[in-house]
>>> print(open('entry07.txt').read())   # compact mmCIF, C-alpha atoms and all ligand atoms
# COMPACT_ATOMS: atom_id res chain seq x y z
CA MET O 1 0.00 0.00 0.00
CA THR O 2 1.64 3.25 -1.04
CA ALA O 3 -1.10 5.87 -1.07
CA ARG O 4 -2.48 7.31 2.12
CA ALA O 5 -6.04 8.58 2.03
CA ASP O 6 -6.71 12.19 2.95
CA GLY O 7 -7.29 12.62 6.63
CA ASP O 8 -5.24 9.57 7.46
CA ASP O 9 -4.13 10.27 10.93
CA THR O 10 -4.85 7.12 12.78
CA GLY O 11 -1.59 6.85 14.58
CA GLY O 12 1.66 5.99 12.84
CA THR O 13 3.23 8.16 10.22
CA ALA O 14 5.52 6.58 7.70
CA SER O 15 7.36 9.56 6.31
CA GLY O 16 11.15 9.76 6.02
CA ASP O 17 13.80 7.23 5.15
CA GLY O 18 15.65 4.51 6.97
CA PRO O 19 14.75 1.46 9.03
CA ALA O 20 12.41 3.33 11.39
CA ALA O 21 10.35 4.65 8.48
CA ALA O 22 10.33 1.22 6.82
CA GLY O 23 9.15 -0.32 10.09
CA ALA O 24 6.39 2.24 10.43
CA ALA O 25 5.30 1.65 6.83
CA ALA O 26 5.18 -2.11 7.43
CA ALA O 27 3.14 -1.60 10.62
CA ASP O 28 0.79 0.72 8.74
CA ALA O 29 0.34 -1.86 5.97
CA ALA O 30 -0.28 -4.60 8.55
CA VAL O 31 -2.98 -2.67 10.36
CA ARG O 32 -4.67 -1.82 7.07
CA GLU O 33 -4.67 -5.48 6.14
CA ALA O 34 -6.19 -6.31 9.53
CA GLY O 35 -8.90 -3.72 8.84
CA ARG O 36 -9.55 -5.13 5.39
CA LEU O 37 -9.83 -8.69 6.72
CA LEU O 38 -12.10 -7.65 9.59
CA PHE O 39 -14.61 -6.17 7.18
CA ALA O 40 -14.14 -8.71 4.37
CA ARG O 41 -16.18 -11.19 6.41
CA PRO O 42 -19.97 -10.91 6.43
CA TRP O 43 -21.45 -8.77 9.19
CA ARG O 44 -24.95 -9.24 10.47
CA PHE O 45 -27.48 -7.37 12.54
CA VAL O 46 -27.86 -9.04 15.93
CA LEU O 47 -30.10 -6.95 18.11
CA GLY O 48 -31.98 -3.67 18.38
CA VAL O 49 -32.26 -2.20 21.86
CA PRO O 50 -34.99 0.38 22.49
CA SER O 51 -34.33 0.92 26.22
CA LEU O 52 -31.55 0.55 28.75
CA GLY O 53 -33.27 -2.31 30.57
CA LEU O 54 -32.90 -4.44 27.43
CA LEU O 55 -29.14 -4.02 26.97
CA PRO O 56 -27.39 -7.35 26.38
CA PRO O 57 -24.75 -8.42 28.92
CA ALA O 58 -21.48 -6.54 28.52
CA ASP O 59 -19.11 -9.22 27.24
CA ASP O 60 -17.44 -8.66 23.85
CA PRO O 61 -15.65 -5.38 23.14
CA GLU O 62 -17.89 -2.75 21.56
CA ILE O 63 -17.22 0.13 19.21
CA ALA O 64 -20.03 2.62 18.80
CA PHE O 65 -20.97 5.10 16.08
CA ALA O 66 -22.70 8.31 17.06
CA GLY O 67 -23.67 11.44 15.18
CA ARG O 68 -26.39 13.88 14.26
CA SER O 69 -29.35 12.65 12.24
CA ASN O 70 -28.53 12.61 8.56
CA VAL O 71 -24.77 12.82 9.17
CA GLY O 72 -24.34 9.75 6.96
CA LYS O 73 -23.94 7.13 9.70
CA SER O 74 -25.98 4.37 8.07
CA SER O 75 -24.19 4.96 4.76
CA LEU O 76 -20.84 4.77 6.52
CA ILE O 77 -21.66 1.50 8.31
CA ASN O 78 -22.85 0.04 5.01
CA ALA O 79 -19.63 1.20 3.30
CA LEU O 80 -17.45 -0.25 6.08
CA THR O 81 -19.17 -3.63 5.93
CA ASN O 82 -19.54 -3.67 2.12
CA ARG O 83 -23.28 -3.95 2.50
CA ARG O 84 -25.96 -1.96 0.79
CA ASP O 85 -28.48 -2.25 3.56
CA LEU O 86 -26.97 -3.51 6.81
CA ALA O 87 -27.75 -0.23 8.52
CA ARG O 88 -30.82 1.35 7.02
CA THR O 89 -30.21 4.59 5.16
CA SER O 90 -33.03 7.01 4.94
CA ASN O 91 -33.88 10.58 4.22
CA THR O 92 -36.15 10.65 7.26
CA PRO O 93 -33.96 12.11 9.96
CA GLY O 94 -34.50 11.09 13.56
CA ARG O 95 -36.31 7.88 12.71
CA THR O 96 -34.20 5.17 14.30
CA GLN O 97 -34.48 5.19 18.08
CA GLU O 98 -32.70 1.97 18.92
CA LEU O 99 -29.15 0.99 19.64
CA ASN O 100 -28.36 -1.58 16.94
CA TRP O 101 -25.80 -4.34 17.44
CA PHE O 102 -23.78 -5.79 14.55
CA ARG O 103 -21.31 -8.68 14.65
CA PRO O 104 -19.10 -10.44 12.14
CA GLU O 105 -20.55 -13.79 11.13
CA ASP O 106 -18.71 -17.11 11.66
CA SER O 107 -15.91 -15.32 13.34
CA ASP O 108 -13.38 -15.77 16.03
CA VAL O 109 -13.18 -11.97 16.19
CA ARG O 110 -14.89 -10.77 19.33
CA LEU O 111 -16.10 -7.34 18.33
CA THR O 112 -19.47 -5.66 18.18
CA LEU O 113 -20.36 -2.48 16.34
CA VAL O 114 -23.11 -0.45 17.93
CA ASP O 115 -25.06 2.00 15.80
CA MET O 116 -26.54 4.70 18.00
CA PRO O 117 -29.67 6.64 17.09
CA GLY O 118 -28.90 10.05 15.58
CA TYR O 119 -29.42 13.26 17.52
CA GLY O 120 -30.21 16.86 16.72
CA TYR O 121 -33.32 16.41 14.62
CA ALA O 122 -34.90 19.84 14.99
CA GLU O 123 -38.49 18.67 14.69
CA ALA O 124 -38.25 15.79 17.14
CA PRO O 125 -40.84 16.06 19.95
CA LYS O 126 -39.54 16.54 23.48
CA GLU O 127 -40.50 13.03 24.69
CA ARG O 128 -38.47 11.59 21.89
CA VAL O 129 -35.44 13.71 22.69
CA ASP O 130 -35.76 12.71 26.37
CA ALA O 131 -36.00 9.03 25.45
CA TRP O 132 -32.94 9.40 23.20
CA THR O 133 -31.00 11.13 25.96
CA ARG O 134 -31.84 8.43 28.53
CA LEU O 135 -30.89 5.61 26.18
CA VAL O 136 -27.74 7.06 24.65
CA PHE O 137 -26.32 8.83 27.68
CA GLY O 138 -27.12 5.80 29.85
CA TYR O 139 -25.33 3.47 27.45
CA LEU O 140 -22.31 5.75 26.96
CA ARG O 141 -21.83 6.40 30.67
CA GLY O 142 -22.12 2.88 31.90
CA ARG O 143 -20.80 0.47 29.32
CA VAL O 144 -17.59 -1.13 30.54
CA THR O 145 -16.98 -2.99 27.27
CA LEU O 146 -17.18 0.15 25.12
CA LYS O 147 -13.69 0.68 23.72
CA ARG O 148 -14.22 3.69 21.51
CA VAL O 149 -16.93 5.88 20.07
CA TYR O 150 -16.52 7.09 16.51
CA LEU O 151 -18.25 10.44 16.54
CA LEU O 152 -19.40 11.34 13.05
CA ILE O 153 -19.35 14.98 12.01
CA ASP O 154 -20.64 16.26 8.68
CA GLY O 155 -17.60 17.20 6.56
CA ARG O 156 -19.51 20.12 5.07
CA HIS O 157 -20.36 21.77 8.37
CA GLY O 158 -17.90 20.75 11.08
CA VAL O 159 -18.69 20.53 14.80
CA LYS O 160 -22.15 21.78 15.87
CA ALA O 161 -23.34 22.68 19.38
CA ASN O 162 -25.00 19.32 20.03
CA ASP O 163 -21.87 17.48 18.88
CA GLY O 164 -20.09 19.48 21.58
CA GLU O 165 -22.64 18.28 24.17
CA VAL O 166 -21.96 14.66 23.26
CA MET O 167 -18.21 15.31 23.53
CA ASP O 168 -18.79 16.89 26.96
CA LEU O 169 -20.52 13.72 28.09
CA LEU O 170 -17.80 11.47 26.69
CA ASP O 171 -15.08 13.59 28.28
CA LYS O 172 -16.87 13.47 31.64
CA ALA O 173 -17.44 9.72 31.42
CA ALA O 174 -13.84 9.19 30.16
CA VAL O 175 -15.07 7.29 27.11
CA SER O 176 -12.47 7.42 24.34
CA TYR O 177 -13.77 8.87 21.07
CA GLN O 178 -12.40 9.77 17.68
CA ILE O 179 -13.90 12.15 15.14
CA VAL O 180 -14.83 10.86 11.70
CA LEU O 181 -15.81 13.41 9.09
CA THR O 182 -18.49 12.18 6.68
CA LYS O 183 -19.44 13.33 3.18
CA ALA O 184 -15.85 14.40 2.52
CA ASP O 185 -16.63 14.35 -1.21
CA LYS O 186 -18.91 17.34 -0.77
CA PRO O 187 -16.77 20.34 0.21
CA LYS O 188 -15.20 22.29 -2.64
CA LYS O 189 -11.44 22.26 -3.10
CA GLY O 190 -9.65 23.37 0.08
CA GLY O 191 -12.90 23.26 2.08
CA LEU O 192 -12.28 19.80 3.50
CA GLU O 193 -8.80 20.72 4.74
CA ALA O 194 -10.30 23.74 6.50
CA VAL O 195 -12.97 21.59 8.20
CA VAL O 196 -10.35 18.99 9.20
CA ALA O 197 -8.16 21.74 10.70
CA ALA O 198 -11.09 23.39 12.52
CA THR O 199 -12.28 20.02 13.85
CA GLU O 200 -8.81 19.07 15.05
CA ALA O 201 -8.58 22.41 16.83
CA ALA O 202 -12.04 21.88 18.38
CA VAL O 203 -11.03 18.56 19.96
CA ALA O 204 -7.36 19.26 20.69
CA LYS O 205 -7.90 20.05 24.36
CA ARG O 206 -10.65 17.53 25.01
CA PRO O 207 -9.37 14.89 27.41
CA ALA O 208 -11.09 11.81 25.99
CA ALA O 209 -10.64 12.68 22.30
CA TYR O 210 -8.32 10.32 20.45
CA PRO O 211 -5.97 12.38 18.29
CA GLY O 212 -6.52 12.63 14.55
CA VAL O 213 -9.60 13.21 12.43
CA ILE O 214 -10.50 10.61 9.79
CA ALA O 215 -12.11 12.08 6.67
CA THR O 216 -14.44 9.66 4.87
CA SER O 217 -16.87 9.49 2.00
CA SER O 218 -19.32 6.65 1.60
CA GLU O 219 -19.86 7.85 -1.96
CA THR O 220 -16.26 7.70 -3.17
CA GLY O 221 -14.79 5.31 -0.59
CA LEU O 222 -12.30 7.92 0.62
CA GLY O 223 -10.91 7.05 4.03
CA ILE O 224 -12.99 3.86 4.46
CA ASP O 225 -9.84 1.72 4.57
CA VAL O 226 -8.35 4.13 7.11
CA LEU O 227 -11.39 3.81 9.34
CA ARG O 228 -11.42 0.01 8.99
CA ALA O 229 -7.77 -0.04 10.05
CA ALA O 230 -8.48 2.28 13.00
CA ILE O 231 -11.28 -0.03 14.16
CA ALA O 232 -9.12 -3.15 13.77
CA ARG O 233 -6.39 -1.47 15.78
CA THR O 234 -8.81 -0.39 18.50
CA ALA O 235 -10.30 -3.89 18.66
CA SER O 236 -6.87 -5.39 19.20
CA GLU O 237 -5.79 -2.93 21.91
P1 LIG Y 1 -27.91 8.83 8.91
O1 LIG Y 1 -29.23 9.48 9.23
O2 LIG Y 1 -26.80 9.44 9.69
O3 LIG Y 1 -27.92 7.33 8.97
O4 LIG Y 1 -27.57 9.25 7.39
P2 LIG Y 1 -27.73 8.43 6.03
O5 LIG Y 1 -26.64 7.43 5.88
O6 LIG Y 1 -29.14 7.96 5.91
O7 LIG Y 1 -27.41 9.58 4.98
C1 LIG Y 1 -28.15 10.78 4.95
C2 LIG Y 1 -28.09 11.38 3.54
O8 LIG Y 1 -26.73 11.74 3.24
C3 LIG Y 1 -28.52 10.40 2.45
O9 LIG Y 1 -29.20 11.13 1.47
C4 LIG Y 1 -27.21 9.88 1.92
O10 LIG Y 1 -27.28 9.47 0.58
C5 LIG Y 1 -26.29 11.09 2.07
N1 LIG Y 1 -24.89 10.67 2.28
C6 LIG Y 1 -24.43 9.81 3.20
N2 LIG Y 1 -23.10 9.66 3.11
C7 LIG Y 1 -22.70 10.44 2.09
C8 LIG Y 1 -21.41 10.71 1.50
O11 LIG Y 1 -20.36 10.20 1.89
N3 LIG Y 1 -21.38 11.62 0.46
C9 LIG Y 1 -22.51 12.22 -0.01
N4 LIG Y 1 -22.37 13.08 -1.02
N5 LIG Y 1 -23.73 11.97 0.52
C10 LIG Y 1 -23.83 11.10 1.55
>>> encode(input="entry07.txt", output="structure tokens")
Amino acid sequence: MTARADGDDTGGTASGDGPAAAGAAAADAAVREAGRLLFARPWRFVLGVPSLGLLPPADDPEIAFAGRSNVGKSSLINALTNRRDLARTSNTPGRTQELNWFRPEDSDVRLTLVDMPGYGYAEAPKERVDAWTRLVFGYLRGRVTLKRVYLLIDGRHGVKANDGEVMDLLDKAAVSYQIVLTKADKPKKGGLEAVVAATEAAVAKRPAAYPGVIATSSETGLGIDVLRAAIARTASE
């Protein structure tokens, strides 16, 4: 693997010459291969959880995806898993109100992806927002097996106020999270770099934020391999 996708900042850098750089490049290639293999197997939907009382026992490591409604979360999960319809995509924001569990089929890999219901849908009634808050905040605060949250931010707009509220919660609960920009194909030339820089600055001082912003596009595939590698690395930590 020679090319690095834009926004690749998942840990190691492989610039420079000499044995150290060659070692870093080999490690980078290995983790990308681990990411590719992890998502080359079929993934399946296991469980939808509408309330905290119905959470499954905390056993296998979990990695969760959170973000505003319409941020492109379902599209991203489908792109990661090479599936058209594993997570439902829709133009109806705020529809899904369950935590959805996905696992690799026939696998010795003990990892669960958790798709969290989107937030920030302006027209959502108060009871719905309250139910969302109870479910999501309850899960995020108390889940011992949760290894990392990938917090999706729209690559056209950057961090919004309610994204900041979710980061506040994660910082307080000491839940590790990394920012993933979605729809990176959308900004005009130079616009994506500006959003990446502004987003990095917005999380730089946040205690639970994992360094580096991963820019992705479910449309073009940009950064999907980088995110797969980041997840494989997190799963093996
Ligand atoms: P969710 O509500 O966060 O699950 O968002 P969806 O995955 O349903 O996507 C919301 C809308 O954004 C849909 O119209 C998608 O086609 C569109 N979308 C999602 N990802 C991308 C992307 O990477 N690029 C572009 N251009 N559009 C996207």
>>> residues_near_ligand(input="entry07.txt", ligand="ligand LIG 1 (chain Y)", cutoff="8 Å", atoms="all atoms listed in the file", output="count of residues only")
30
>>> atom_distance(input="entry07.txt", atom1="CA of Leu140 (chain O)", atom2="CA of Asp115 (chain O)")
12.1 Å
>>> closest_residue(input="entry07.txt", among="O:Leu80, O:Val46, O:Ala208, O:Leu151", to="Trp101 (chain O)", atoms="all atoms listed in the file")
O:Val46
>>> residues_around(input="entry07.txt", residues="region 133-136 of chain O", least_positions_apart="6", cutoff="9 Å", atoms="all atoms listed in the file", output="list in words")
Pro50, Ser51, Leu52, Gln97, Glu98, Leu99, Met116, Pro117 and Tyr119 of chain O
>>> atom_distance(input="entry07.txt", atom1="CA of Ala79 (chain O)", atom2="CA of Lys188 (chain O)")
22.4 Å
>>> closest_residue(input="entry07.txt", among="O:Asp28, O:Asp154, O:Asp85, O:Glu200", to="Ala66 (chain O)", atoms="all atoms listed in the file")
O:Asp154
>>> closest_residue(input="entry07.txt", among="O:Lys189, O:Pro57, O:Arg228, O:Lys160", to="Ala40 (chain O)", atoms="only C-alpha atoms")
O:Arg228
>>> closest_residue(input="entry07.txt", among="O:Ala202, O:Ala25, O:Ala58, O:Leu37", to="Lys147 (chain O)", atoms="all atoms listed in the file")
O:Ala58
>>> closest_residue(input="entry07.txt", among="O:Ala131, O:Ile77, O:Val159, O:Val196", to="Trp43 (chain O)", atoms="only C-alpha atoms")
O:Ile77
>>> atom_distance(input="entry07.txt", atom1="CA of Ile224 (chain O)", atom2="CA of Asp108 (chain O)")
22.8 Å
>>> build_atoms(input="entry07.txt", residues="region 45-76 of chain O", atoms="N, CA and C atoms", output="PDB file, in the coordinates of the input")
ATOM      1  N   PHE O  45     -26.752  -8.063  11.484  1.00  0.00           N
ATOM      2  CA  PHE O  45     -27.480  -7.370  12.540  1.00  0.00           C
ATOM      3  C   PHE O  45     -27.840  -8.404  13.605  1.00  0.00           C
ATOM      4  N   VAL O  46     -27.587  -8.070  14.869  1.00  0.00           N
ATOM      5  CA  VAL O  46     -27.860  -9.040  15.930  1.00  0.00           C
ATOM      6  C   VAL O  46     -29.057  -8.633  16.779  1.00  0.00           C
ATOM      7  N   LEU O  47     -29.149  -7.350  17.079  1.00  0.00           N
ATOM      8  CA  LEU O  47     -30.100  -6.950  18.110  1.00  0.00           C
ATOM      9  C   LEU O  47     -30.377  -5.446  18.036  1.00  0.00           C
ATOM     10  N   GLY O  48     -31.634  -5.075  18.239  1.00  0.00           N
ATOM     11  CA  GLY O  48     -31.980  -3.670  18.380  1.00  0.00           C
ATOM     12  C   GLY O  48     -32.471  -3.431  19.800  1.00  0.00           C
ATOM     13  N   VAL O  49     -31.939  -2.422  20.446  1.00  0.00           N
ATOM     14  CA  VAL O  49     -32.260  -2.200  21.860  1.00  0.00           C
ATOM     15  C   VAL O  49     -32.956  -0.851  22.036  1.00  0.00           C
ATOM     16  N   PRO O  50     -34.256  -0.879  22.363  1.00  0.00           N
ATOM     17  CA  PRO O  50     -34.990   0.380  22.490  1.00  0.00           C
ATOM     18  C   PRO O  50     -34.886   1.039  23.864  1.00  0.00           C
ATOM     19  N   SER O  51     -34.446   0.293  24.892  1.00  0.00           N
ATOM     20  CA  SER O  51     -34.330   0.920  26.220  1.00  0.00           C
ATOM     21  C   SER O  51     -33.213   0.256  27.017  1.00  0.00           C
ATOM     22  N   LEU O  52     -32.726   0.996  28.003  1.00  0.00           N
ATOM     23  CA  LEU O  52     -31.550   0.550  28.750  1.00  0.00           C
ATOM     24  C   LEU O  52     -31.731  -0.810  29.423  1.00  0.00           C
ATOM     25  N   GLY O  53     -32.984  -1.062  29.874  1.00  0.00           N
ATOM     26  CA  GLY O  53     -33.270  -2.310  30.570  1.00  0.00           C
ATOM     27  C   GLY O  53     -33.045  -3.529  29.677  1.00  0.00           C
ATOM     28  N   LEU O  54     -33.021  -3.321  28.364  1.00  0.00           N
ATOM     29  CA  LEU O  54     -32.900  -4.440  27.430  1.00  0.00           C
ATOM     30  C   LEU O  54     -31.485  -4.613  26.877  1.00  0.00           C
ATOM     31  N   LEU O  55     -30.528  -3.880  27.444  1.00  0.00           N
ATOM     32  CA  LEU O  55     -29.140  -4.020  26.970  1.00  0.00           C
ATOM     33  C   LEU O  55     -28.665  -5.448  27.169  1.00  0.00           C
ATOM     34  N   PRO O  56     -27.944  -6.009  26.181  1.00  0.00           N
ATOM     35  CA  PRO O  56     -27.390  -7.350  26.380  1.00  0.00           C
ATOM     36  C   PRO O  56     -26.251  -7.292  27.400  1.00  0.00           C
ATOM     37  N   PRO O  57     -25.858  -8.444  27.967  1.00  0.00           N
ATOM     38  CA  PRO O  57     -24.750  -8.420  28.920  1.00  0.00           C
ATOM     39  C   PRO O  57     -23.496  -7.839  28.267  1.00  0.00           C
ATOM     40  N   ALA O  58     -22.709  -7.129  29.056  1.00  0.00           N
ATOM     41  CA  ALA O  58     -21.480  -6.540  28.520  1.00  0.00           C
ATOM     42  C   ALA O  58     -20.411  -7.624  28.494  1.00  0.00           C
ATOM     43  N   ASP O  59     -20.162  -8.203  27.328  1.00  0.00           N
ATOM     44  CA  ASP O  59     -19.110  -9.220  27.240  1.00  0.00           C
ATOM     45  C   ASP O  59     -18.068  -8.874  26.181  1.00  0.00           C
ATOM     46  N   ASP O  60     -18.434  -8.951  24.890  1.00  0.00           N
ATOM     47  CA  ASP O  60     -17.440  -8.660  23.850  1.00  0.00           C
ATOM     48  C   ASP O  60     -17.169  -7.164  23.776  1.00  0.00           C
ATOM     49  N   PRO O  61     -15.962  -6.794  23.312  1.00  0.00           N
ATOM     50  CA  PRO O  61     -15.650  -5.380  23.140  1.00  0.00           C
ATOM     51  C   PRO O  61     -16.613  -4.719  22.144  1.00  0.00           C
ATOM     52  N   GLU O  62     -16.956  -3.487  22.426  1.00  0.00           N
ATOM     53  CA  GLU O  62     -17.890  -2.750  21.560  1.00  0.00           C
ATOM     54  C   GLU O  62     -17.250  -1.457  21.048  1.00  0.00           C
ATOM     55  N   ILE O  63     -17.630  -1.134  19.822  1.00  0.00           N
ATOM     56  CA  ILE O  63     -17.220   0.130  19.210  1.00  0.00           C
ATOM     57  C   ILE O  63     -18.491   0.779  18.710  1.00  0.00           C
ATOM     58  N   ALA O  64     -18.740   2.012  19.114  1.00  0.00           N
ATOM     59  CA  ALA O  64     -20.030   2.620  18.800  1.00  0.00           C
ATOM     60  C   ALA O  64     -19.873   3.774  17.811  1.00  0.00           C
ATOM     61  N   PHE O  65     -20.922   3.985  17.029  1.00  0.00           N
ATOM     62  CA  PHE O  65     -20.970   5.100  16.080  1.00  0.00           C
ATOM     63  C   PHE O  65     -22.077   6.037  16.508  1.00  0.00           C
ATOM     64  N   ALA O  66     -21.713   7.314  16.653  1.00  0.00           N
ATOM     65  CA  ALA O  66     -22.700   8.310  17.060  1.00  0.00           C
ATOM     66  C   ALA O  66     -22.623   9.497  16.109  1.00  0.00           C
ATOM     67  N   GLY O  67     -23.690  10.249  16.034  1.00  0.00           N
ATOM     68  CA  GLY O  67     -23.670  11.440  15.180  1.00  0.00           C
ATOM     69  C   GLY O  67     -25.059  12.019  15.024  1.00  0.00           C
ATOM     70  N   ARG O  68     -25.105  13.230  14.502  1.00  0.00           N
ATOM     71  CA  ARG O  68     -26.390  13.880  14.260  1.00  0.00           C
ATOM     72  C   ARG O  68     -27.182  13.088  13.218  1.00  0.00           C
ATOM     73  N   SER O  69     -28.499  13.232  13.280  1.00  0.00           N
ATOM     74  CA  SER O  69     -29.350  12.650  12.240  1.00  0.00           C
ATOM     75  C   SER O  69     -28.861  13.130  10.893  1.00  0.00           C
ATOM     76  N   ASN O  70     -28.861  12.231   9.928  1.00  0.00           N
ATOM     77  CA  ASN O  70     -28.530  12.610   8.560  1.00  0.00           C
ATOM     78  C   ASN O  70     -27.042  12.881   8.325  1.00  0.00           C
ATOM     79  N   VAL O  71     -26.211  12.565   9.327  1.00  0.00           N
ATOM     80  CA  VAL O  71     -24.770  12.820   9.170  1.00  0.00           C
ATOM     81  C   VAL O  71     -24.153  11.861   8.154  1.00  0.00           C
ATOM     82  N   GLY O  72     -24.872  10.750   7.891  1.00  0.00           N
ATOM     83  CA  GLY O  72     -24.340   9.750   6.960  1.00  0.00           C
ATOM     84  C   GLY O  72     -23.858   8.503   7.677  1.00  0.00           C
ATOM     85  N   LYS O  73     -24.405   8.251   8.867  1.00  0.00           N
ATOM     86  CA  LYS O  73     -23.940   7.130   9.700  1.00  0.00           C
ATOM     87  C   LYS O  73     -24.324   5.783   9.094  1.00  0.00           C
ATOM     88  N   SER O  74     -25.576   5.652   8.670  1.00  0.00           N
ATOM     89  CA  SER O  74     -25.980   4.370   8.070  1.00  0.00           C
ATOM     90  C   SER O  74     -25.156   4.102   6.814  1.00  0.00           C
ATOM     91  N   SER O  75     -24.975   5.129   5.996  1.00  0.00           N
ATOM     92  CA  SER O  75     -24.190   4.960   4.760  1.00  0.00           C
ATOM     93  C   SER O  75     -22.771   4.526   5.090  1.00  0.00           C
ATOM     94  N   LEU O  76     -22.215   5.088   6.152  1.00  0.00           N
ATOM     95  CA  LEU O  76     -20.840   4.770   6.520  1.00  0.00           C
ATOM     96  C   LEU O  76     -20.732   3.312   7.002  1.00  0.00           C
TER      97      LEU O  76
END
